[in-house]
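Q: You'll find structure_24.cif just under this line, and it carries mmCIF, C-alpha atoms.
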```cif
data_coords
#
loop_
_atom_site.label_atom_id
_atom_site.label_comp_id
_atom_site.auth_asym_id
_atom_site.auth_seq_id
_atom_site.Cartn_x
_atom_site.Cartn_y
_atom_site.Cartn_z
CA ASP A 1 110.86 -45.03 69.84
CA SER A 2 107.86 -42.69 70.02
CA GLY A 3 107.03 -43.02 66.33
CA VAL A 4 107.49 -39.28 65.76
CA THR A 5 110.35 -38.55 63.37
CA GLN A 6 112.19 -35.26 63.25
CA THR A 7 114.84 -34.28 60.75
CA PRO A 8 117.55 -33.20 60.84
CA LYS A 9 118.78 -34.18 64.29
CA HIS A 10 121.39 -31.45 64.33
CA LEU A 11 121.66 -28.21 62.42
CA ILE A 12 124.37 -25.58 62.55
CA THR A 13 123.80 -22.36 60.70
CA ALA A 14 124.84 -18.73 60.69
CA THR A 15 122.95 -15.72 61.93
CA GLY A 16 120.58 -14.27 59.41
CA GLN A 17 119.97 -17.58 57.70
CA ARG A 18 116.73 -19.53 57.27
CA VAL A 19 116.18 -23.18 58.14
CA THR A 20 113.36 -25.69 57.90
CA LEU A 21 112.74 -28.36 60.49
CA ARG A 22 110.64 -31.34 59.52
CA CYS A 23 108.35 -33.56 61.55
CA SER A 24 106.51 -36.74 60.64
CA PRO A 25 103.86 -37.59 63.23
CA ARG A 26 102.96 -41.06 64.43
CA SER A 27 100.81 -42.99 62.04
CA GLY A 28 97.20 -41.97 62.53
CA ASP A 29 97.93 -38.85 64.57
CA LEU A 30 96.30 -35.73 63.21
CA SER A 31 97.71 -33.22 65.68
CA VAL A 32 101.22 -31.84 65.52
CA TYR A 33 102.72 -29.55 68.14
CA TRP A 34 106.00 -27.66 68.09
CA TYR A 35 107.93 -26.82 71.24
CA GLN A 36 111.20 -25.00 71.83
CA GLN A 37 113.56 -25.97 74.64
CA SER A 38 116.19 -23.42 75.51
CA LEU A 39 118.35 -22.89 78.57
CA ASP A 40 116.78 -19.59 79.51
CA GLN A 41 113.13 -20.20 78.53
CA GLY A 42 112.78 -23.90 79.25
CA LEU A 43 110.21 -25.87 77.28
CA GLN A 44 107.79 -23.54 75.53
CA PHE A 45 104.83 -24.23 73.29
CA LEU A 46 105.12 -22.68 69.85
CA ILE A 47 102.21 -23.80 67.70
CA HIS A 48 99.63 -26.55 67.15
CA TYR A 49 98.18 -27.90 63.93
CA TYR A 50 95.32 -30.29 63.54
CA ASN A 51 94.66 -31.97 60.23
CA GLY A 52 96.29 -29.17 58.31
CA GLU A 53 94.76 -26.26 60.19
CA GLU A 54 96.45 -24.03 62.73
CA ARG A 55 94.70 -24.43 66.07
CA ALA A 56 96.74 -22.52 68.61
CA LYS A 57 99.77 -20.28 68.82
CA GLY A 58 102.04 -19.84 71.76
CA ASN A 59 105.20 -17.80 72.14
CA ILE A 60 106.16 -18.08 68.51
CA LEU A 61 108.18 -15.27 67.00
CA GLU A 62 107.02 -13.58 63.81
CA ARG A 63 110.24 -14.80 62.17
CA PHE A 64 109.00 -18.34 62.70
CA SER A 65 106.22 -20.04 60.78
CA ALA A 66 104.86 -23.52 60.44
CA GLN A 67 102.55 -25.56 58.31
CA GLN A 68 101.06 -29.01 58.20
CA PHE A 69 100.73 -30.69 54.84
CA PRO A 70 98.00 -32.99 53.50
CA ASP A 71 100.12 -36.02 54.36
CA LEU A 72 100.17 -34.63 57.93
CA HIS A 73 103.87 -33.99 58.15
CA SER A 74 104.77 -30.57 59.44
CA GLU A 75 107.54 -28.09 58.88
CA LEU A 76 108.76 -25.32 61.14
CA ASN A 77 110.48 -22.50 59.29
CA LEU A 78 112.86 -20.24 61.17
CA SER A 79 114.17 -17.17 59.40
CA SER A 80 116.55 -14.29 60.09
CA LEU A 81 118.11 -16.49 62.70
CA GLU A 82 119.68 -14.98 65.79
CA LEU A 83 122.07 -16.47 68.31
CA GLY A 84 119.21 -16.68 70.79
CA ASP A 85 117.30 -19.04 68.52
CA SER A 86 119.77 -21.79 69.36
CA ALA A 87 117.67 -24.44 71.06
CA LEU A 88 116.26 -27.92 70.87
CA TYR A 89 113.07 -27.92 68.83
CA PHE A 90 110.60 -30.68 69.51
CA CYS A 91 107.69 -31.89 67.52
CA ALA A 92 104.95 -33.88 69.22
CA SER A 93 101.91 -35.61 67.86
CA SER A 94 98.67 -36.87 69.27
CA GLU A 95 95.63 -38.61 67.95
CA GLY A 96 93.09 -36.03 69.02
CA GLN A 97 92.58 -32.34 68.58
CA VAL A 98 93.83 -31.41 71.98
CA SER A 99 96.77 -32.05 74.22
CA ASN A 100 94.85 -33.75 77.01
CA THR A 101 95.53 -36.94 75.17
CA GLU A 102 99.00 -38.38 75.29
CA ALA A 103 101.36 -36.31 73.18
CA PHE A 104 104.36 -38.26 71.94
CA PHE A 105 107.52 -36.32 71.26
CA GLY A 106 110.17 -36.78 68.64
CA GLN A 107 113.88 -36.77 69.44
CA GLY A 108 114.15 -33.10 68.61
CA THR A 109 116.27 -31.04 66.26
CA ARG A 110 119.17 -29.29 67.93
CA LEU A 111 119.69 -25.95 66.23
CA THR A 112 122.90 -24.07 66.77
CA VAL A 113 123.16 -20.56 65.38
CA VAL A 114 126.71 -19.24 65.13
CA ALA B 115 97.38 -17.99 84.99
CA GLN B 116 98.73 -21.46 84.53
CA LYS B 117 102.06 -22.32 86.02
CA VAL B 118 104.02 -25.39 86.98
CA THR B 119 106.73 -25.22 89.60
CA GLN B 120 109.39 -27.84 90.11
CA ALA B 121 111.39 -26.39 92.95
CA GLN B 122 114.03 -29.10 92.96
CA THR B 123 116.59 -28.26 90.33
CA GLU B 124 118.76 -31.31 90.87
CA ILE B 125 118.60 -34.37 93.10
CA SER B 126 121.41 -36.85 93.63
CA VAL B 127 120.77 -40.28 95.10
CA VAL B 128 122.54 -43.57 95.33
CA GLU B 129 121.10 -46.58 93.58
CA LYS B 130 118.25 -48.33 95.42
CA GLU B 131 117.25 -45.19 97.28
CA ASP B 132 113.69 -43.94 96.93
CA VAL B 133 113.29 -40.43 95.55
CA THR B 134 110.34 -38.06 95.21
CA LEU B 135 110.16 -35.32 92.62
CA ASP B 136 107.85 -32.47 93.54
CA CYS B 137 105.44 -30.68 91.23
CA VAL B 138 103.15 -27.83 92.22
CA TYR B 139 100.77 -26.32 89.72
CA GLU B 140 98.60 -23.23 89.47
CA THR B 141 95.42 -23.02 87.47
CA ARG B 142 92.06 -21.30 87.68
CA ASP B 143 90.47 -24.03 85.66
CA THR B 144 88.53 -26.87 87.22
CA THR B 145 89.24 -29.17 84.32
CA TYR B 146 92.83 -29.85 83.52
CA TYR B 147 95.34 -32.58 82.91
CA LEU B 148 98.71 -33.18 84.51
CA PHE B 149 101.59 -35.02 82.94
CA TRP B 150 105.07 -36.26 83.69
CA TYR B 151 107.73 -36.61 81.02
CA LYS B 152 111.25 -38.01 81.24
CA GLN B 153 114.15 -36.58 79.24
CA PRO B 154 117.13 -38.96 79.33
CA PRO B 155 120.61 -37.82 78.29
CA SER B 156 119.81 -38.77 74.70
CA GLY B 157 117.41 -35.83 74.64
CA GLU B 158 114.00 -37.17 73.67
CA LEU B 159 110.94 -36.54 75.82
CA VAL B 160 109.29 -39.73 77.01
CA PHE B 161 105.68 -39.69 78.18
CA LEU B 162 105.23 -41.25 81.62
CA ILE B 163 101.73 -40.48 82.84
CA ARG B 164 98.62 -38.36 82.36
CA ARG B 165 96.13 -37.62 85.10
CA ASN B 166 92.91 -35.60 84.82
CA SER B 167 91.72 -33.21 87.49
CA PHE B 168 88.76 -35.36 88.46
CA ASP B 169 90.81 -38.42 89.24
CA GLU B 170 92.76 -38.09 92.46
CA GLN B 171 93.58 -41.75 92.73
CA ASN B 172 97.23 -42.40 93.14
CA GLU B 173 98.83 -44.52 90.47
CA ILE B 174 101.57 -47.08 90.58
CA SER B 175 103.43 -48.45 87.61
CA GLY B 176 106.27 -50.74 88.58
CA ARG B 177 108.81 -48.68 90.51
CA TYR B 178 107.01 -45.45 89.64
CA SER B 179 104.17 -43.94 91.60
CA TRP B 180 102.33 -40.66 91.46
CA ASN B 181 100.54 -38.79 94.22
CA PHE B 182 97.94 -36.25 93.05
CA GLN B 183 96.54 -33.93 95.73
CA LYS B 184 94.20 -31.18 94.60
CA SER B 185 94.11 -29.70 98.10
CA THR B 186 97.77 -28.78 97.78
CA SER B 187 97.86 -28.48 93.96
CA SER B 188 100.58 -31.05 93.82
CA PHE B 189 101.35 -33.97 91.57
CA ASN B 190 104.44 -35.64 92.98
CA PHE B 191 106.38 -38.47 91.42
CA THR B 192 108.19 -41.15 93.40
CA ILE B 193 110.72 -43.61 92.09
CA THR B 194 111.22 -46.57 94.38
CA ALA B 195 114.55 -48.38 94.46
CA SER B 196 116.12 -45.99 91.96
CA GLN B 197 118.43 -47.29 89.25
CA VAL B 198 121.18 -45.65 87.25
CA VAL B 199 118.94 -45.77 84.18
CA ASP B 200 116.54 -43.44 85.98
CA SER B 201 119.08 -40.63 85.62
CA ALA B 202 117.33 -38.01 83.51
CA VAL B 203 115.54 -34.70 83.67
CA TYR B 204 111.92 -35.08 84.65
CA PHE B 205 109.28 -32.56 83.63
CA CYS B 206 105.85 -32.00 85.05
CA ALA B 207 103.31 -30.36 82.72
CA LEU B 208 99.78 -28.96 82.76
CA SER B 209 97.08 -28.69 80.10
CA GLU B 210 93.93 -26.68 80.78
CA ALA B 211 90.40 -26.68 79.46
CA ASN B 212 90.30 -22.90 79.14
CA THR B 213 93.02 -23.02 76.54
CA GLY B 214 91.14 -25.81 74.83
CA PHE B 215 93.84 -28.19 75.98
CA GLN B 216 95.83 -26.82 73.10
CA LYS B 217 99.18 -26.76 74.80
CA LEU B 218 101.31 -28.19 77.57
CA VAL B 219 102.82 -25.82 80.11
CA PHE B 220 105.98 -27.35 81.48
CA GLY B 221 107.86 -26.86 84.70
CA THR B 222 111.57 -26.18 84.62
CA GLY B 223 112.41 -29.80 85.24
CA THR B 224 114.27 -31.71 87.94
CA ARG B 225 117.55 -33.37 87.05
CA LEU B 226 117.89 -36.72 88.81
CA LEU B 227 121.33 -38.25 89.14
CA VAL B 228 121.45 -41.83 90.33
CA SER B 229 124.92 -43.08 91.11
CA PRO B 230 125.91 -46.73 91.48
#
```
Write the structure described by the file as structure tokens, please.

A:
Amino acid sequence: DSGVTQTPKHLITATGQRVTLRCSPRSGDLSVYWYQQSLDQGLQFLIHYYNGEERAKGNILERFSAQQFPDLHSELNLSSLELGDSALYFCASSEGQVSNTEAFFGQGTRLTVV
Amino acid sequence: AQKVTQAQTEISVVEKEDVTLDCVYETRDTTYYLFWYKQPPSGELVFLIRRNSFDEQNEISGRYSWNFQKSTSSFNFTITASQVVDSAVYFCALSEANTGFQKLVFGTGTRLLVSP
């Protein structure tokens, strides 16, 4: 158990809908990262938050947004969902501001868009 | 541009065989970190090792060992005396100073199948 908790584990929704994925980082970790794992794109970095502030953006679509709350949990919001958004979404956390420290991943949320 | 290549898509071995997973990386940065993660069938990503670009010492942890060679831009992972529980997808990843170490760039992964 990495200590990173993601909910829900599975999500099935229809095209055009909006969903929210939740992540609770390990105790004491201030950084939260979101990654998407899909069959065609592999594992891709989406966004990084540190202590409530956005620090870096990767290949994140405009339909997607994220935030990190004062209690350090994070949410990834996906809207106007398309079939191609079906993927495994991982949250990771680390103690420091950057990913050169060990980043521990949650079990992921498997999103299926039908 | 940063890139990680894992040319082996899938490897099948029989239990107790040794197996090496290859990882080749590209970066223009002189300061970077390399990682290996394991993704078992249950789906989570498990951290295995981190190595910085200034430390070329090989590392051994039980049946696992890692060979880092800057001259060939490789960071290979060897499992000695493989076991069925080693069956998983293994990812190599890179984090660079010029992106502020803000993200991990992953390879496409190598699926290892260990049969009894």

Q: So, counting all atoms listed in the file, which residue among A:Gly96, A:Gly52, A:Gly28, A:Gly16 is closest to Leu81 of chain A?

A: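 Nearest candidate to Leu81 of chain A out of A:Gly96, A:Gly52, A:Gly28, A:Gly16: A:Gly16.
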
Q: For chain B, which residues have at least one atom within 10 Å of chain A, if we go by all atoms listed in the file? Write them as an MDAnalysis selection string, please.

A: chainID B and resid 146:149 151 153 156:166 205 207:211 213:223

Q: Could you state which residues are captured by the PyMOL selection byres ((chain B and resi 171) around 8) in this file, as a ChimeraX atom specification?

A: /B:169-170,172-173,181-182

Q: Between B:Tyr204, B:Tyr178, B:Thr145, B:Thr194, which one has atoms that come closest to Ile125 of chain B, using only C-alpha atoms?

A: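 For Ile125 of chain B, the nearest of the candidates is B:Tyr204.
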
Q: Anything within 10 Å of (102.0, -35.1, 60.3): list those residues as number ranges by chain, counting only C-alpha atoms and sticking to the file's coordinates.

A: A: 4-5, 22-33, 49-52, 67-75, 91-94

Q: Choose the residue, out of B:Cys137, B:Glu131, B:Trp150, B:Ser229, that has the smallest atom-to-atom separation from Ser201 of chain B; count only C-alpha atoms.

A: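 Nearest candidate to Ser201 of chain B out of B:Cys137, B:Glu131, B:Trp150, B:Ser229: B:Ser229.
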
Q: Evaluated on this file, the PyMOL selection byres ((chain A and resi 12) around 6) picks out some residues - which ones are they, written as a VMD selection string?

A: chain A and resid 11 13 111 to 113

Q: Next, dump the selected residues to file, keeping only C-alpha atoms, as a short mmCIF file (atom, residue, chain, number, x, y, z; two decimals), keeping the file's coordinate frame.

A:
```
data_model
loop_
_atom_site.label_atom_id
_atom_site.label_comp_id
_atom_site.auth_asym_id
_atom_site.auth_seq_id
_atom_site.Cartn_x
_atom_site.Cartn_y
_atom_site.Cartn_z
CA LEU A 11 121.66 -28.21 62.42
CA THR A 13 123.80 -22.36 60.70
CA LEU A 111 119.69 -25.95 66.23
CA THR A 112 122.90 -24.07 66.77
CA VAL A 113 123.16 -20.56 65.38
#
```

Q: With distances taken over only C-alpha atoms, which of B:Val138, B:Ala115, B:Ile174, B:Leu227 is nearest to Thr192 of chain B?

A: B:Ile174

Q: For Ser38 of chain A, which residue among A:Ile60, A:Gly84, A:His10, A:Glu95 is the nearest when counting all atoms listed in the file?

A: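 Ranked by minimum distance to Ser38 of chain A, first place goes to A:Gly84.
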
Q: Looking at all atoms listed in the file, which of A:Phe64, A:Glu82, A:Tyr89, A:Asn59 is the one that sits closest to Pro8 of chain A?

A: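 Of A:Phe64, A:Glu82, A:Tyr89, A:Asn59, the one nearest Pro8 of chain A is A:Tyr89, counting all atoms listed in the file.
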
Q: At a cut-off of 6 Å around the point (118.4, -46.6, 91.0) (file coordinates), what residues fall inside when counting all atoms listed in the file? I'd like the answer as a PyMOL selection string.

A: chain B and resi 129-130+195-198+228

Q: Grab the atom CA of Thr15 of chain A to atom CA of Asn77 of chain A distance for me, in Å with one decimal place.

A: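 Value for the atom CA of Thr15 of chain A-atom CA of Asn77 of chain A distance: 14.4 Å.
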
Q: Because the input lacks atoms here, generate N, CA and C atoms for segment 216-230 of chain B and report them as an mmCIF file, in the frame of the given file.

A:
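Contents of result-v6.cif, freshly written:
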```
data_model
loop_
_atom_site.group_PDB
_atom_site.id
_atom_site.type_symbol
_atom_site.label_atom_id
_atom_site.label_comp_id
_atom_site.auth_asym_id
_atom_site.auth_seq_id
_atom_site.Cartn_x
_atom_site.Cartn_y
_atom_site.Cartn_z
ATOM 1 N N GLN B 216 95.054 -26.938 74.326
ATOM 2 C CA GLN B 216 95.830 -26.820 73.100
ATOM 3 C C GLN B 216 97.328 -26.878 73.332
ATOM 4 N N LYS B 217 97.742 -26.780 74.596
ATOM 5 C CA LYS B 217 99.180 -26.760 74.800
ATOM 6 C C LYS B 217 99.523 -27.330 76.172
ATOM 7 N N LEU B 218 100.756 -27.761 76.283
ATOM 8 C CA LEU B 218 101.310 -28.190 77.570
ATOM 9 C C LEU B 218 102.169 -27.063 78.126
ATOM 10 N N VAL B 219 101.955 -26.768 79.406
ATOM 11 C CA VAL B 219 102.820 -25.820 80.110
ATOM 12 C C VAL B 219 103.729 -26.647 81.002
ATOM 13 N N PHE B 220 105.011 -26.523 80.774
ATOM 14 C CA PHE B 220 105.980 -27.350 81.480
ATOM 15 C C PHE B 220 106.604 -26.616 82.652
ATOM 16 N N GLY B 221 107.000 -27.390 83.658
ATOM 17 C CA GLY B 221 107.860 -26.860 84.700
ATOM 18 C C GLY B 221 109.289 -26.804 84.181
ATOM 19 N N THR B 222 110.174 -26.344 85.030
ATOM 20 C CA THR B 222 111.570 -26.180 84.620
ATOM 21 C C THR B 222 112.370 -27.468 84.693
ATOM 22 N N GLY B 223 111.756 -28.495 85.220
ATOM 23 C CA GLY B 223 112.410 -29.800 85.240
ATOM 24 C C GLY B 223 113.254 -30.033 86.482
ATOM 25 N N THR B 224 113.392 -31.289 86.845
ATOM 26 C CA THR B 224 114.270 -31.710 87.940
ATOM 27 C C THR B 224 115.246 -32.725 87.372
ATOM 28 N N ARG B 225 116.522 -32.430 87.522
ATOM 29 C CA ARG B 225 117.550 -33.370 87.050
ATOM 30 C C ARG B 225 117.820 -34.378 88.149
ATOM 31 N N LEU B 226 117.634 -35.641 87.859
ATOM 32 C CA LEU B 226 117.890 -36.720 88.810
ATOM 33 C C LEU B 226 119.163 -37.451 88.405
ATOM 34 N N LEU B 227 120.078 -37.510 89.348
ATOM 35 C CA LEU B 227 121.330 -38.250 89.140
ATOM 36 C C LEU B 227 121.351 -39.430 90.079
ATOM 37 N N VAL B 228 121.396 -40.621 89.522
ATOM 38 C CA VAL B 228 121.450 -41.830 90.330
ATOM 39 C C VAL B 228 122.830 -42.450 90.133
ATOM 40 N N SER B 229 123.564 -42.521 91.214
ATOM 41 C CA SER B 229 124.920 -43.080 91.110
ATOM 42 C C SER B 229 124.933 -44.514 91.634
ATOM 43 N N PRO B 230 125.859 -45.307 91.092
ATOM 44 C CA PRO B 230 125.910 -46.730 91.480
ATOM 45 C C PRO B 230 126.352 -46.886 92.938
#
```
